[in-house]
Structures are given as C-alpha cells and as structure tokens.
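**Q** Handing over work21.txt, compact mmCIF, C-alpha atoms.
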```
# COMPACT_ATOMS: atom_id res chain seq x y z
CA MET A 1411 0.00 0.00 0.00
CA SER A 1412 1.29 3.44 -0.88
CA ASP A 1413 2.23 6.12 1.64
CA THR A 1414 -0.79 8.13 0.51
CA SER A 1415 -3.20 5.30 1.36
CA ILE A 1416 -1.53 4.76 4.74
CA ALA A 1417 -1.84 8.47 5.56
CA LEU A 1418 -5.44 8.53 4.30
CA ASN A 1419 -6.41 5.57 6.51
CA ASN A 1420 -4.72 7.23 9.45
CA PHE A 1421 -6.71 10.45 8.99
CA LEU A 1422 -9.98 8.58 8.43
CA LEU A 1423 -9.42 6.60 11.64
CA LEU A 1424 -8.57 9.76 13.52
CA GLY A 1425 -11.77 11.39 12.29
CA SER A 1426 -14.08 8.44 12.93
CA SER A 1427 -12.68 7.70 16.41
CA GLY A 1428 -12.74 11.33 17.54
CA ALA A 1429 -9.42 10.65 19.31
CA PHE A 1430 -8.25 14.18 18.50
CA ALA A 1431 -10.69 15.49 21.14
CA ASN A 1432 -8.18 14.42 23.80
CA PHE A 1433 -5.03 15.46 21.94
CA GLU A 1434 -2.52 17.85 23.43
CA PRO A 1435 -2.14 21.21 21.60
CA GLU A 1436 1.14 20.11 20.01
CA GLN A 1437 -0.46 16.99 18.51
CA LEU A 1438 -3.44 19.02 17.30
CA LEU A 1439 -1.24 21.50 15.48
CA SER A 1440 0.92 18.78 13.95
CA ASN A 1441 -2.12 16.84 12.68
CA HIS A 1442 -3.76 20.00 11.39
CA ASP A 1443 -0.66 20.92 9.35
CA LYS A 1444 -0.28 17.37 8.02
CA LEU A 1445 -3.92 17.13 6.97
CA GLU A 1446 -3.82 20.56 5.36
CA GLN A 1447 -0.84 19.43 3.27
CA PHE A 1448 -2.48 16.09 2.50
CA LEU A 1449 -5.67 17.74 1.24
CA LEU A 1450 -3.68 20.11 -0.96
CA SER A 1451 -1.68 17.27 -2.55
CA ASN A 1452 -4.31 14.53 -2.72
CA GLY A 1453 -7.72 16.18 -2.45
CA ASP A 1454 -8.49 15.61 -6.14
CA SER A 1455 -7.84 11.86 -6.06
CA LEU A 1456 -10.09 11.08 -3.06
CA SER A 1457 -13.61 9.70 -3.26
CA THR A 1458 -16.44 12.02 -2.19
CA LEU A 1459 -16.95 10.14 1.07
CA GLU A 1460 -13.24 10.27 1.94
CA LEU A 1461 -12.94 13.94 0.97
CA TYR A 1462 -15.88 15.15 3.06
CA SER A 1463 -14.89 12.99 6.01
CA LEU A 1464 -11.48 14.69 5.90
CA TYR A 1465 -13.10 18.13 5.57
CA GLU A 1466 -15.03 17.39 8.75
CA LEU A 1467 -11.86 16.34 10.54
CA GLN A 1468 -10.03 19.42 9.29
CA PHE A 1469 -12.92 21.56 10.52
CA TYR A 1470 -12.40 20.27 14.06
CA LEU A 1471 -8.60 20.47 13.88
CA ALA A 1472 -8.68 24.01 12.48
CA LEU A 1473 -11.16 25.12 15.12
CA LEU A 1474 -9.16 23.56 17.95
CA THR A 1475 -5.96 25.21 16.70
CA LYS A 1476 -7.69 28.56 16.25
CA HIS A 1477 -7.56 28.63 12.46
CA ASP A 1478 -11.08 30.05 12.41
CA ILE A 1479 -11.13 31.18 8.79
CA GLU A 1480 -10.06 27.74 7.61
CA ALA A 1481 -12.64 26.09 9.90
CA LYS A 1482 -15.35 28.30 8.39
CA ALA A 1483 -14.18 27.40 4.87
CA MET A 1484 -14.42 23.67 5.71
CA LEU A 1485 -17.85 24.15 7.26
CA ASP A 1486 -19.04 26.06 4.17
CA ARG A 1487 -17.85 23.25 1.90
CA LEU A 1488 -19.80 20.72 3.96
CA VAL A 1489 -22.89 22.94 3.98
CA ASP A 1490 -22.59 23.55 0.22
CA GLN A 1491 -22.39 19.83 -0.43
CA PHE A 1492 -25.09 18.62 1.93
CA GLY A 1493 -27.42 21.63 1.94
CA ALA A 1494 -27.87 24.43 4.45
CA ASN A 1495 -31.57 23.73 4.91
CA ALA A 1496 -31.30 19.97 5.13
CA LYS A 1497 -32.40 18.43 8.41
CA SER A 1498 -28.93 17.10 9.04
CA GLN A 1499 -28.15 16.88 12.75
CA ARG A 1500 -24.50 16.42 11.96
CA LEU A 1501 -24.31 19.71 10.05
CA LYS A 1502 -26.25 21.59 12.68
CA LEU A 1503 -23.93 20.16 15.32
CA LEU A 1504 -20.88 21.41 13.42
CA GLN A 1505 -22.46 24.83 12.92
CA SER A 1506 -23.32 25.04 16.60
CA ILE A 1507 -19.79 24.07 17.66
CA TYR A 1508 -18.36 26.69 15.32
CA LEU A 1509 -20.64 29.42 16.68
CA GLU A 1510 -19.82 28.46 20.26
CA ALA A 1511 -16.10 28.51 19.52
CA ILE A 1512 -16.15 32.01 18.06
CA GLY A 1513 -18.06 33.34 21.06
CA LYS A 1514 -21.63 33.35 19.69
CA ARG A 1515 -22.93 31.12 22.46
CA ASP A 1516 -26.53 32.33 22.28
CA GLU A 1517 -26.73 31.65 18.55
CA ALA A 1518 -25.18 28.21 19.06
CA LEU A 1519 -27.71 27.46 21.79
CA ALA A 1520 -30.60 28.63 19.61
CA LEU A 1521 -29.46 26.35 16.79
CA VAL A 1522 -29.45 23.16 18.88
CA ASN A 1523 -32.48 24.19 20.91
CA LYS A 1524 -34.67 24.23 17.79
CA SER A 1525 -34.82 20.44 17.64
CA PRO A 1526 -34.63 19.02 21.18
CA ASN A 1527 -36.00 15.67 20.00
CA GLU A 1528 -33.00 14.94 17.82
CA LEU A 1529 -30.49 12.84 19.73
CA LYS A 1530 -27.22 14.42 18.58
CA LEU A 1531 -28.49 17.96 19.07
CA ALA A 1532 -30.06 17.12 22.42
CA ARG A 1533 -26.68 15.80 23.56
CA ARG A 1534 -25.01 19.02 22.47
CA LEU A 1535 -27.70 21.02 24.24
CA VAL A 1536 -26.69 19.30 27.47
CA THR A 1537 -23.17 20.76 27.22
CA PHE A 1538 -24.57 24.26 27.61
CA GLY A 1539 -25.04 23.39 31.28
CA ARG A 1540 -21.25 23.53 31.57
CA LYS A 1541 -19.88 26.69 33.21
CA ALA A 1542 -16.96 28.33 31.44
CA ASP A 1543 -13.83 29.03 33.51
CA SER A 1544 -15.17 27.12 36.47
CA ASN A 1545 -14.56 23.77 38.12
CA ASP A 1546 -18.12 23.71 39.42
CA ASN A 1547 -19.83 21.09 37.27
CA GLU A 1548 -22.94 20.60 39.41
CA ASP A 1549 -25.33 22.09 36.82
CA TYR A 1550 -23.67 20.14 34.06
CA ILE A 1551 -24.06 16.90 36.02
CA SER A 1552 -27.74 17.73 36.63
CA THR A 1553 -28.38 18.21 32.90
CA LEU A 1554 -26.50 15.00 32.09
CA THR A 1555 -28.57 13.00 34.57
CA TYR A 1556 -31.77 14.60 33.25
CA TYR A 1557 -30.78 13.60 29.73
CA LEU A 1558 -29.94 10.05 30.86
CA ASP A 1559 -33.40 9.73 32.39
CA LEU A 1560 -34.71 10.24 28.86
CA GLN A 1561 -32.00 8.25 27.04
CA PRO A 1562 -30.70 5.59 29.46
CA THR A 1563 -29.00 3.56 26.72
CA ASP A 1564 -26.71 6.36 25.57
CA LEU A 1565 -23.26 4.95 26.42
CA VAL A 1566 -21.29 8.07 25.49
CA THR A 1567 -23.35 10.15 27.91
CA TRP A 1568 -22.83 7.60 30.72
CA SER A 1569 -19.12 7.85 30.03
CA GLU A 1570 -19.22 11.66 30.12
CA LEU A 1571 -21.14 11.60 33.40
CA GLY A 1572 -18.66 9.10 34.86
CA HIS A 1573 -15.75 11.37 33.96
CA GLU A 1574 -17.49 14.40 35.45
CA TYR A 1575 -18.13 12.59 38.74
CA SER A 1576 -14.55 11.37 38.77
CA LYS A 1577 -13.30 14.96 38.32
CA ILE A 1578 -14.99 16.09 41.55
CA GLY A 1579 -14.00 13.02 43.56
CA HIS A 1580 -17.37 11.23 43.59
CA TYR A 1581 -15.74 7.96 42.65
CA ASP A 1582 -18.60 5.75 43.81
CA LYS A 1583 -20.98 7.56 41.43
CA ALA A 1584 -18.40 7.45 38.63
CA ILE A 1585 -18.12 3.68 39.11
CA TYR A 1586 -21.90 3.38 38.90
CA CYS A 1587 -21.91 5.26 35.56
CA PHE A 1588 -19.14 3.13 34.07
CA LYS A 1589 -20.88 -0.04 35.25
CA GLU A 1590 -24.00 1.10 33.40
CA ILE A 1591 -21.91 0.97 30.22
CA LEU A 1592 -20.68 -2.52 31.07
CA LEU A 1593 -24.26 -3.66 31.61
CA GLN A 1594 -24.89 -2.90 27.96
CA ASP A 1595 -21.62 -4.23 26.57
CA ALA A 1596 -19.56 -6.47 28.82
CA LEU A 1597 -16.44 -6.54 26.60
CA ILE A 1598 -15.40 -2.91 26.78
CA TYR A 1599 -12.03 -3.44 28.44
CA PRO A 1600 -11.13 0.30 28.66
CA ILE A 1601 -14.23 0.76 30.82
CA PHE A 1602 -13.22 -2.14 33.10
CA TYR A 1603 -9.95 -0.26 33.48
CA LYS A 1604 -11.85 2.94 34.32
CA VAL A 1605 -13.89 1.10 36.94
CA GLY A 1606 -10.69 -0.33 38.44
CA LEU A 1607 -9.06 3.10 38.41
CA ASN A 1608 -11.99 4.74 40.15
CA TYR A 1609 -12.02 2.04 42.81
CA TYR A 1610 -8.32 2.74 43.32
CA TYR A 1611 -8.98 6.49 43.66
CA ASN A 1612 -11.80 5.67 46.05
CA PHE A 1613 -9.37 3.58 48.10
CA LEU A 1614 -6.85 6.45 48.24
CA GLN A 1615 -9.60 8.86 49.32
CA GLU A 1616 -10.82 6.53 52.06
CA GLU A 1617 -7.29 5.72 53.22
CA LYS A 1618 -6.50 9.43 53.52
CA ASN A 1619 -9.53 9.90 55.75
CA LEU A 1620 -8.71 6.83 57.83
CA LYS A 1621 -8.13 7.85 61.41
CA THR A 1622 -7.98 4.50 63.15
CA GLU A 1623 -6.57 1.13 62.21
CA ARG A 1624 -9.65 -0.78 63.22
CA LYS A 1625 -10.02 -4.19 61.68
CA ASP A 1626 -13.43 -3.56 60.08
CA LYS A 1627 -12.23 -0.31 58.49
CA LEU A 1628 -9.15 -2.01 57.06
CA LEU A 1629 -11.27 -4.84 55.69
CA GLU A 1630 -13.57 -2.28 54.08
CA LEU A 1631 -10.56 -0.72 52.36
CA LEU A 1632 -9.32 -4.15 51.36
CA ASN A 1633 -12.64 -4.84 49.67
CA ILE A 1634 -12.33 -1.64 47.62
CA LEU A 1635 -8.83 -2.71 46.55
CA ILE A 1636 -10.05 -6.20 45.64
CA ASN A 1637 -12.77 -4.62 43.47
CA SER A 1638 -10.18 -2.45 41.78
CA ARG A 1639 -7.85 -5.40 41.18
CA ASN A 1640 -10.65 -7.60 39.84
CA ASN A 1641 -11.74 -4.99 37.33
CA TYR A 1642 -8.17 -4.49 36.12
CA LEU A 1643 -7.85 -8.26 35.81
CA ARG A 1644 -11.07 -8.45 33.79
CA ALA A 1645 -9.60 -5.82 31.42
CA VAL A 1646 -6.43 -7.89 30.85
CA GLU A 1647 -8.49 -11.05 30.55
CA ILE A 1648 -10.28 -9.53 27.54
CA PHE A 1649 -7.16 -7.91 26.09
CA ASP A 1650 -3.98 -9.31 27.61
CA ASP A 1651 -1.66 -6.62 26.20
CA TYR A 1652 -3.53 -3.77 27.84
CA THR A 1653 -0.60 -1.98 29.43
CA LYS A 1654 -2.66 0.54 31.40
CA ALA A 1655 -4.44 -2.22 33.31
CA TRP A 1656 -1.15 -4.04 34.04
CA VAL A 1657 0.27 -0.77 35.43
CA GLY A 1658 -2.90 -0.41 37.54
CA ILE A 1659 -2.42 -3.93 38.94
CA TYR A 1660 1.26 -3.28 39.65
CA ILE A 1661 0.46 -0.07 41.56
CA ILE A 1662 -2.07 -1.88 43.73
CA THR A 1663 0.46 -4.56 44.62
CA GLN A 1664 3.03 -1.94 45.69
CA LEU A 1665 1.01 -0.22 48.44
CA GLY A 1666 3.73 -0.64 51.06
CA SER A 1667 2.28 0.91 54.22
CA PHE A 1668 -1.23 -0.47 53.66
CA ASN A 1669 0.14 -3.92 52.89
CA ASP A 1670 2.12 -3.78 56.15
CA LYS A 1671 -1.11 -3.10 58.04
CA LEU A 1672 -2.73 -6.00 56.24
CA LYS A 1673 0.20 -8.28 57.17
CA LYS A 1674 -0.49 -7.58 60.83
CA LEU A 1675 -4.13 -8.55 60.26
CA GLY A 1676 -3.06 -11.62 58.30
CA ASP A 1677 -0.74 -12.70 61.13
CA GLY A 1678 -3.78 -12.38 63.38
CA GLY A 1679 -5.31 -15.25 61.42
CA ILE A 1680 -7.74 -13.61 59.00
CA LYS A 1681 -7.86 -15.99 56.06
CA GLU A 1682 -9.21 -13.48 53.52
CA VAL A 1683 -6.27 -11.14 54.16
CA LYS A 1684 -3.71 -13.94 53.93
CA GLU A 1685 -5.09 -15.05 50.59
CA TYR A 1686 -5.07 -11.48 49.30
CA LEU A 1687 -1.43 -10.99 50.26
CA GLU A 1688 -0.34 -14.28 48.70
CA TYR A 1689 -2.17 -13.45 45.49
CA ASN A 1690 -0.68 -9.96 45.64
CA GLU A 1691 2.87 -11.30 45.52
CA LYS A 1692 2.15 -13.42 42.47
CA LEU A 1693 0.44 -10.52 40.71
CA SER A 1694 3.29 -8.17 41.53
CA LYS A 1695 5.81 -10.39 39.73
CA LEU A 1696 3.48 -11.08 36.82
CA SER A 1697 2.45 -7.47 36.27
CA ASP A 1698 6.08 -6.30 36.51
CA LYS A 1699 7.07 -8.87 33.88
CA ARG A 1700 4.21 -7.92 31.55
CA ILE A 1701 4.97 -4.18 31.86
CA GLN A 1702 8.63 -4.85 30.98
CA GLU A 1703 7.48 -6.80 27.92
CA LEU A 1704 4.86 -4.31 26.76
CA ALA A 1705 5.77 -0.77 27.70
CA GLN A 1706 8.65 1.49 26.81
CA PRO A 1707 9.86 3.57 29.81
CA GLU A 1708 8.30 6.77 28.41
CA GLU A 1709 4.93 5.02 27.88
CA TYR A 1710 5.06 3.67 31.43
CA ALA A 1711 5.82 7.16 32.74
CA LYS A 1712 2.89 8.61 30.76
CA ILE A 1713 0.44 6.02 32.15
CA LEU A 1714 1.66 6.67 35.70
CA ASN A 1715 1.25 10.39 35.12
CA ASP A 1716 -2.31 9.89 33.83
CA ILE A 1717 -3.21 7.79 36.88
CA LYS A 1718 -1.81 10.44 39.24
CA LYS A 1719 -3.92 13.15 37.56
CA MET B 1322 -7.19 2.23 -2.58
CA ALA B 1323 -6.09 -0.84 -4.52
CA LYS B 1324 -2.37 -1.37 -4.99
CA SER B 1325 -1.11 -0.76 -8.52
CA SER B 1326 0.51 -4.23 -8.61
CA THR B 1327 -2.90 -5.78 -7.83
CA LEU B 1328 -4.55 -3.85 -10.64
CA VAL B 1329 -1.78 -4.94 -13.05
CA THR B 1330 -2.26 -8.58 -12.00
CA TYR B 1331 -6.02 -8.39 -12.50
CA PHE B 1332 -5.51 -6.70 -15.87
CA VAL B 1333 -3.00 -9.31 -17.11
CA GLY B 1334 -5.17 -12.19 -15.84
CA LEU B 1335 -8.29 -10.81 -17.52
CA LEU B 1336 -6.39 -10.14 -20.72
CA LEU B 1337 -5.20 -13.77 -20.81
CA LEU B 1338 -8.73 -15.04 -20.14
CA VAL B 1339 -10.29 -12.82 -22.82
CA HIS B 1340 -7.57 -13.80 -25.28
CA SER B 1341 -7.97 -17.52 -24.60
CA GLY B 1342 -11.76 -17.15 -24.93
CA TYR B 1343 -11.43 -15.39 -28.26
CA SER B 1344 -8.88 -17.99 -29.48
CA SER B 1345 -11.30 -20.74 -28.51
CA TYR B 1346 -14.11 -18.96 -30.39
CA GLU B 1347 -11.92 -18.63 -33.49
CA PHE B 1348 -10.86 -22.27 -33.25
CA HIS B 1349 -14.49 -23.46 -33.09
CA LYS B 1350 -15.47 -21.20 -35.99
CA LEU B 1351 -12.58 -22.62 -38.05
CA SER B 1352 -13.56 -26.17 -37.10
CA ALA B 1353 -17.14 -25.49 -38.23
CA ILE B 1354 -15.96 -24.13 -41.60
CA THR B 1355 -13.48 -26.95 -42.30
CA HIS B 1356 -15.86 -29.60 -40.84
CA GLN B 1357 -12.98 -30.99 -38.83
CA SER B 1358 -13.66 -32.02 -35.26
CA SER B 1359 -10.71 -31.93 -32.92
CA HIS B 1360 -9.84 -31.10 -29.29
CA LEU B 1361 -9.09 -27.55 -28.18
CA PRO B 1362 -5.35 -26.89 -28.66
CA ILE B 1363 -3.24 -27.24 -25.50
CA ASP B 1364 -1.88 -23.67 -25.71
CA ILE B 1365 -5.43 -22.25 -25.33
CA LEU B 1366 -6.06 -24.48 -22.30
CA VAL B 1367 -2.75 -23.46 -20.75
CA GLU B 1368 -3.49 -19.77 -21.39
CA THR B 1369 -6.88 -20.11 -19.68
CA LEU B 1370 -5.34 -21.82 -16.64
CA VAL B 1371 -2.55 -19.23 -16.40
CA GLY B 1372 -5.15 -16.42 -16.65
CA ILE B 1373 -7.17 -17.92 -13.75
CA ILE B 1374 -4.05 -18.43 -11.63
CA VAL B 1375 -2.90 -14.84 -12.23
CA ILE B 1376 -6.35 -13.51 -11.16
CA VAL B 1377 -6.30 -15.67 -8.01
CA ILE B 1378 -2.82 -14.32 -7.19
CA GLY B 1379 -4.21 -10.80 -7.69
CA GLY B 1380 -7.07 -11.69 -5.34
CA PHE B 1381 -4.66 -12.81 -2.62
CA ASN B 1382 -2.55 -9.73 -3.20
CA SER B 1383 -5.54 -7.44 -2.74
CA ILE B 1384 -6.31 -8.77 0.76
CA GLU B 1385 -2.77 -8.26 2.04
CA ASN B 1386 -2.78 -6.17 5.24
CA SER B 1387 -1.19 -2.77 4.81
CA SER B 1388 1.04 -0.92 7.23
CA VAL B 1389 -0.49 1.91 9.25
CA LEU B 1390 0.67 5.20 10.78
CA THR B 1391 0.44 6.10 14.46
CA PHE B 1392 -1.06 9.47 15.29
CA ASP B 1393 2.44 10.72 15.99
CA GLY B 1394 3.67 9.63 12.58
CA ARG B 1395 5.45 6.26 13.15
CA GLU B 1396 4.78 3.53 10.61
CA ILE B 1397 3.63 0.18 12.01
CA GLN B 1398 3.65 -3.11 10.16
CA PRO B 1399 0.69 -5.40 10.89
CA ASP B 1400 1.40 -8.67 12.74
CA TYR B 1401 -0.04 -10.79 9.95
CA LYS B 1402 0.49 -10.39 6.23
CA TYR B 1403 -2.90 -11.85 5.29
CA LEU B 1404 -6.21 -11.78 7.18
CA LYS B 1405 -6.70 -10.80 10.81
CA PRO B 1406 -7.08 -13.13 13.76
CA ILE B 1407 -10.62 -13.43 15.04
CA GLU B 1408 -9.86 -13.64 18.76
CA MET B 1409 -10.72 -10.30 20.33
CA LYS B 1410 -7.52 -10.09 22.37
CA ASP B 1411 -5.53 -10.42 19.15
CA SER B 1412 -7.75 -8.37 16.86
CA VAL B 1413 -7.62 -5.23 19.00
CA LYS B 1414 -3.82 -5.23 19.29
CA LEU B 1415 -3.09 -3.23 16.17
CA ILE B 1416 -5.61 -0.47 16.85
CA GLU B 1417 -4.29 -0.19 20.41
CA ARG B 1418 -0.77 0.22 19.08
CA ILE B 1419 -1.96 3.08 16.87
CA GLY B 1420 -3.07 4.80 20.07
CA THR B 1421 -6.81 4.34 19.99
CA SER B 1422 -9.36 1.55 20.46
CA ASP B 1423 -12.65 0.30 19.07
CA TYR B 1424 -14.28 2.05 22.01
CA GLU B 1425 -12.53 5.40 21.52
CA GLU B 1426 -15.91 7.10 21.23
CA LEU B 1427 -16.41 6.51 24.96
CA GLU B 1428 -12.99 7.97 25.74
CA SER B 1429 -13.00 10.95 23.36
CA ARG B 1430 -16.68 11.87 23.91
CA LEU B 1431 -16.58 14.18 20.89
CA PRO B 1432 -20.29 15.21 21.07
CA PHE B 1433 -19.55 16.72 24.50
CA ILE B 1434 -16.32 18.45 23.51
CA ASP B 1435 -15.60 21.60 25.51
CA ILE B 1436 -14.56 23.57 22.45
CA VAL B 1437 -14.06 26.85 24.32
CA GLY B 1438 -11.93 25.19 27.01
CA LYS B 1439 -9.81 23.33 24.46
CA ARG B 1440 -9.17 26.49 22.47
CA LYS B 1441 -8.18 28.29 25.66
CA LYS B 1442 -5.74 25.50 26.47
CA TYR B 1443 -4.32 25.78 22.95
CA ASP B 1444 -3.92 29.55 23.39
CA GLU B 1445 -2.01 29.01 26.64
CA TRP B 1446 0.26 26.48 24.93
CA VAL B 1447 1.00 28.92 22.08
CA LYS B 1448 1.75 31.72 24.56
CA SER B 1449 4.03 29.49 26.63
CA HIS B 1450 6.00 28.66 23.48
CA GLN B 1451 6.27 32.29 22.45
CA ASP B 1452 7.78 33.30 25.81
```
Would you write the structure of this file as structure tokens?
**A**
Amino acid sequence: MSDTSIALNNFLLLGSSGAFANFEPEQLLSNHDKLEQFLLSNGDSLSTLELYSLYELQFYLALLTKHDIEAKAMLDRLVDQFGANAKSQRLKLLQSIYLEAIGKRDEALALVNKSPNELKLARRLVTFGRKADSNDNEDYISTLTYYLDLQPTDLVTWSELGHEYSKIGHYDKAIYCFKEILLQDALIYPIFYKVGLNYYYNFLQEEKNLKTERKDKLLELLNILINSRNNYLRAVEIFDDYTKAWVGIYIITQLGSFNDKLKKLGDGGIKEVKEYLEYNEKLSKLSDKRIQELAQPEEYAKILNDIKK
Amino acid sequence: MAKSSTLVTYFVGLLLLVHSGYSSYEFHKLSAITHQSSHLPIDILVETLVGIIVIVIGGFNSIENSSVLTFDGREIQPDYKYLKPIEMKDSVKLIERIGTSDYEELESRLPFIDIVGKRKKYDEWVKSHQD
C-alpha cells in the first residue's frame, strides 16, 4: 500500500474515532498541518466520502488550533455539499460548535435548541449546562442526569457523566456510571480499566480519611482494593496486552504501608487477608514482567502520570 | 485504494482469459468451416489456466494487510500479512498500538467536547512557546 493510502487511513481513523478530542495542543497542530498538506496534494484523487470525512476532521482540527477562517471554509464546503436547509443533525452540530467557539454562544444554543427531540443535538444542548472558567460542574451533572433519564442507553453520555463525577471526587458515582456501560456491553475493556481506576482512587480517598486502624475499616478498604484489582484483571483477561491495566495492577500490589497493616491482620489469622497478600505477591511479579514486555519507559511514565492526575 | 501491482495482476489475468476465450471462439469457428472435429489446442487451455491463476494471485494480493501510521507519525507493520485473527484479544492489538481503540468514542466523547476550554488550552500552549 502506498504512503498516501496509509496516511489517508490514518486520517480517516482519527476522524471516525474522535481521538483528537483528547489530543494535546502540540499533537493538534501537527495533525492540522499534516492534513492541510495532504488535502492540498491529494484532495483531487479522493472519493467524495473520503474527501468530506477529511473536511469534517479538518474543521475540528482548524477550530481547535484557532484557524477560524479555515474552519469556516471547511464548514461552508460541507454545507454547500449537503445543503444548508437539510435536516442534518450532523451539520447543525458542526455549525453550533463553530458558533460556540467564536463566542456566539446564544446563537449556538438557539441552533441546537430548535430540535430538542434529535439525539445528537439534544446531547449538544446538554453541554450548555457547563460553566466556562469554572470547576463547578454541578449544573452540568444535573443536565446530564436529566438527559440520561430520557436516554438511558446512551453509552457516550454515561461515560461523560462518569468522567465528570470522577473529576470532583465522587468515585462511587463514577463507578456506577461506568458499570452502566458494562451492563450494555460487557467486553469494553477500557471501561473495566476505568472502573478499576476509580475504585483505586476511592481507596486512596478513604485511606486518607482513615483515622484508626480498626479491623473492620481495614477490611472495608481491602474490599475496595479487591474490586479495583478484579476490574483491572477483567480488562487484561479480555485484552492481555492492555498496558494501562497491568500498570494499575502493579500499583495496587506496591502499596507498602497499607500492605504492612494487612500483614499484621493476616498474622492475626484472618484468612481473607492472607489469601489477598499471597495473590498480591504473584500478581506483583506477573504485572512487573508484563509491563517490561509491553511498555517502553516513556509510555510507562505517561500512564503513571495519567493515573496520578 | 487498490495497490497498482494488484490492478496490473487483474488486468494481465483478464487479458489472458479474454484472449484464450477469443482464441477458442476462433478455433471453433474454423472447425465449423473446415468440418474438422478436434480437441481444443493445448496452448489455449494453458493460457486459460494461467489467466485464472494470475487472477487468483491478484485476489490474494488485494487482501494483504497494509502498514499503518500512528497518530504521531510512526509507521507500524501489521502482525499478519494476510487476514486478521478473530480472537478479540488479538484483533484489538493493532488499533491499540496506533493509540486508539474500538471504544474510543467513549474515551474521546466528541459530542460533548468543551470547544471553548480546548481552544483556551491551545492559546495558553502557544503563549508558553512564544515566551
């Protein structure tokens, strides 16, 4: 396959996955420049579907990198092709995002508010509950939950709500949201990882607030850790090269001070704790080995950094 | 996009098949005129077989897995030259190596993108690089 086809497939995958939404500014700029060059050199040889998919991607990349004139040009091409008056939710969504980006929030809101029964636009409408320049996401969470009452099978919205709860430290609620996704599709290993991660954060939160070393409290914490470990293990059971989940398992096995407390309990004859510690040792070696096999040092550092965020 | 070598293979194979078909037609016409009944000449049979084999080779060539680019520009060769494994743990490997997954939609949550916040972050990045 030629270099052009490889680059084309790469851009189409980037556009269809929406992965650029989580890109760092440097990656956004680099991809914007590459796509701009690609469209100039190969635009004429692409099929209509490929060309307009790339125009849509370039619209987002241009908007995110503040090339507003270019973003408008891409939007106009899409509107020219598919009709300004057509009842296309996708076009209206793009127009609304553009208006919001250039500061015309009221116009953007009016555009999506016209058709509250259309799923994509209704989802976008929900985002207007978000407060700019503020970490307070209470209103946004309320609108998300209201929307989910109407559309309980919308997995992307459950994921968004889970992330919002996680941001403000409501890990138990975040876990509930991610589990709702797993109820609908039990093979989504990245979500098992998210559940495991939120249990781990929940453990750290509870451990920080721990004032006594009472047996029942420690066992409660142990149960949270076991839940976290089991969800990570389910992720690697589905996809055994999933580095993030192996790193998650490794971190759990290296909780020195908490494990010392557990050892004392284990020496006191609690079978559940003994079993956990034995299993922990095996997992520590295994996860360390798998990380060495799978991850480059910089990738490992990036995953650790993401978990600490 | 089909590879040019695949297109050439298909073209050559089809050409051989069409040629052998036309030769066979001419041979039968000639046989009818001369009222001589005989078997199809071996060279026409061989040409037909070669044409079919060339097309089959083209077919195999067209399903060869291509290399892919990561989002940061590195080229990755697929694990298998032909066809993908059907086990999930194997089939998701390549897309994970690219830096995404089949469930990226749940991670990227594009419909909920905070476009104003992202643009602000981009602005800050540009300013920090100008300083």
**Q** Show which residues sit within 8 Å of A:Glu1466, as a list in words. Count all atoms listed in the file, and ignore same-chain residues fewer than 4 positions away.
**A**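 After dropping sequence-adjacent residues, the list is Gly1425, Tyr1462, Tyr1470, Met1484, Leu1485 and Leu1488 of chain A.
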**Q** Please, what distance in Å, to one decimal, runs between atom CA of B:Gly1334 and atom CA of B:Ile1373?
**A**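 A separation of 6.4 Å between them.
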**Q** Can you measure atom CA of B:Pro1362 to atom CA of B:Leu1337 for me? One decimal in Å is fine.
**A**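 Going from atom CA of B:Pro1362 over to atom CA of B:Leu1337, I get 15.3 Å.
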**Q** Rounded to one decimal, what separation in Å do you get between atom CA of A:Lys1502 and atom CA of A:Asp1516?
**A**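 Spanning atom CA of A:Lys1502 to atom CA of A:Asp1516 is a straight-line distance of 14.4 Å.
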**Q** May I have the residues within 12 Å of A:Gly1666 as a list in words, using all atoms listed in the file and disregarding those fewer than 6 positions away in the same chain?
**A**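 Returned residues: Tyr1660, Leu1672, Lys1673, Leu1687 and Asn1690 of chain A.
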**Q** With C-alpha atoms retained, write the just-selected residues as a JSON list (two decimals), in the coordinates of the input.
**A**
```
[["chain", "number", "residue", "atom", "x", "y", "z"],
["A", 1660, "TYR", "CA", 1.26, -3.28, 39.65],
["A", 1672, "LEU", "CA", -2.73, -6.00, 56.24],
["A", 1673, "LYS", "CA", 0.20, -8.28, 57.17],
["A", 1687, "LEU", "CA", -1.43, -10.99, 50.26],
["A", 1690, "ASN", "CA", -0.68, -9.96, 45.64]]
```
**Q** Counting only C-alpha atoms, what is within 12 Å of A:Lys1671, bar same-chain residues fewer than 3 positions away, as a list in words?
**A**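 Within the cut-off, the hits are Glu1617, Thr1622, Glu1623, Arg1624, Lys1625, Lys1627, Leu1628, Leu1629, Leu1631, Leu1632, Leu1665, Gly1666, Ser1667, Phe1668, Lys1674, Leu1675, Gly1676, Asp1677, Gly1678, Val1683, Lys1684 and Leu1687 of chain A.
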**Q** Could you check which of A:Ala1645, A:Leu1504, A:Cys1587, A:Leu1521 is closest to A:Leu1558, using all atoms listed in the file?
**A**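 Checking each candidate against A:Leu1558, we get A:Cys1587 as the closest.
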**Q** When you count all atoms listed in the file, which of these residues is closest to A:Gly1658: A:Gly1572, A:Gly1539, A:Gly1606, A:Gly1493?
**A** A:Gly1606
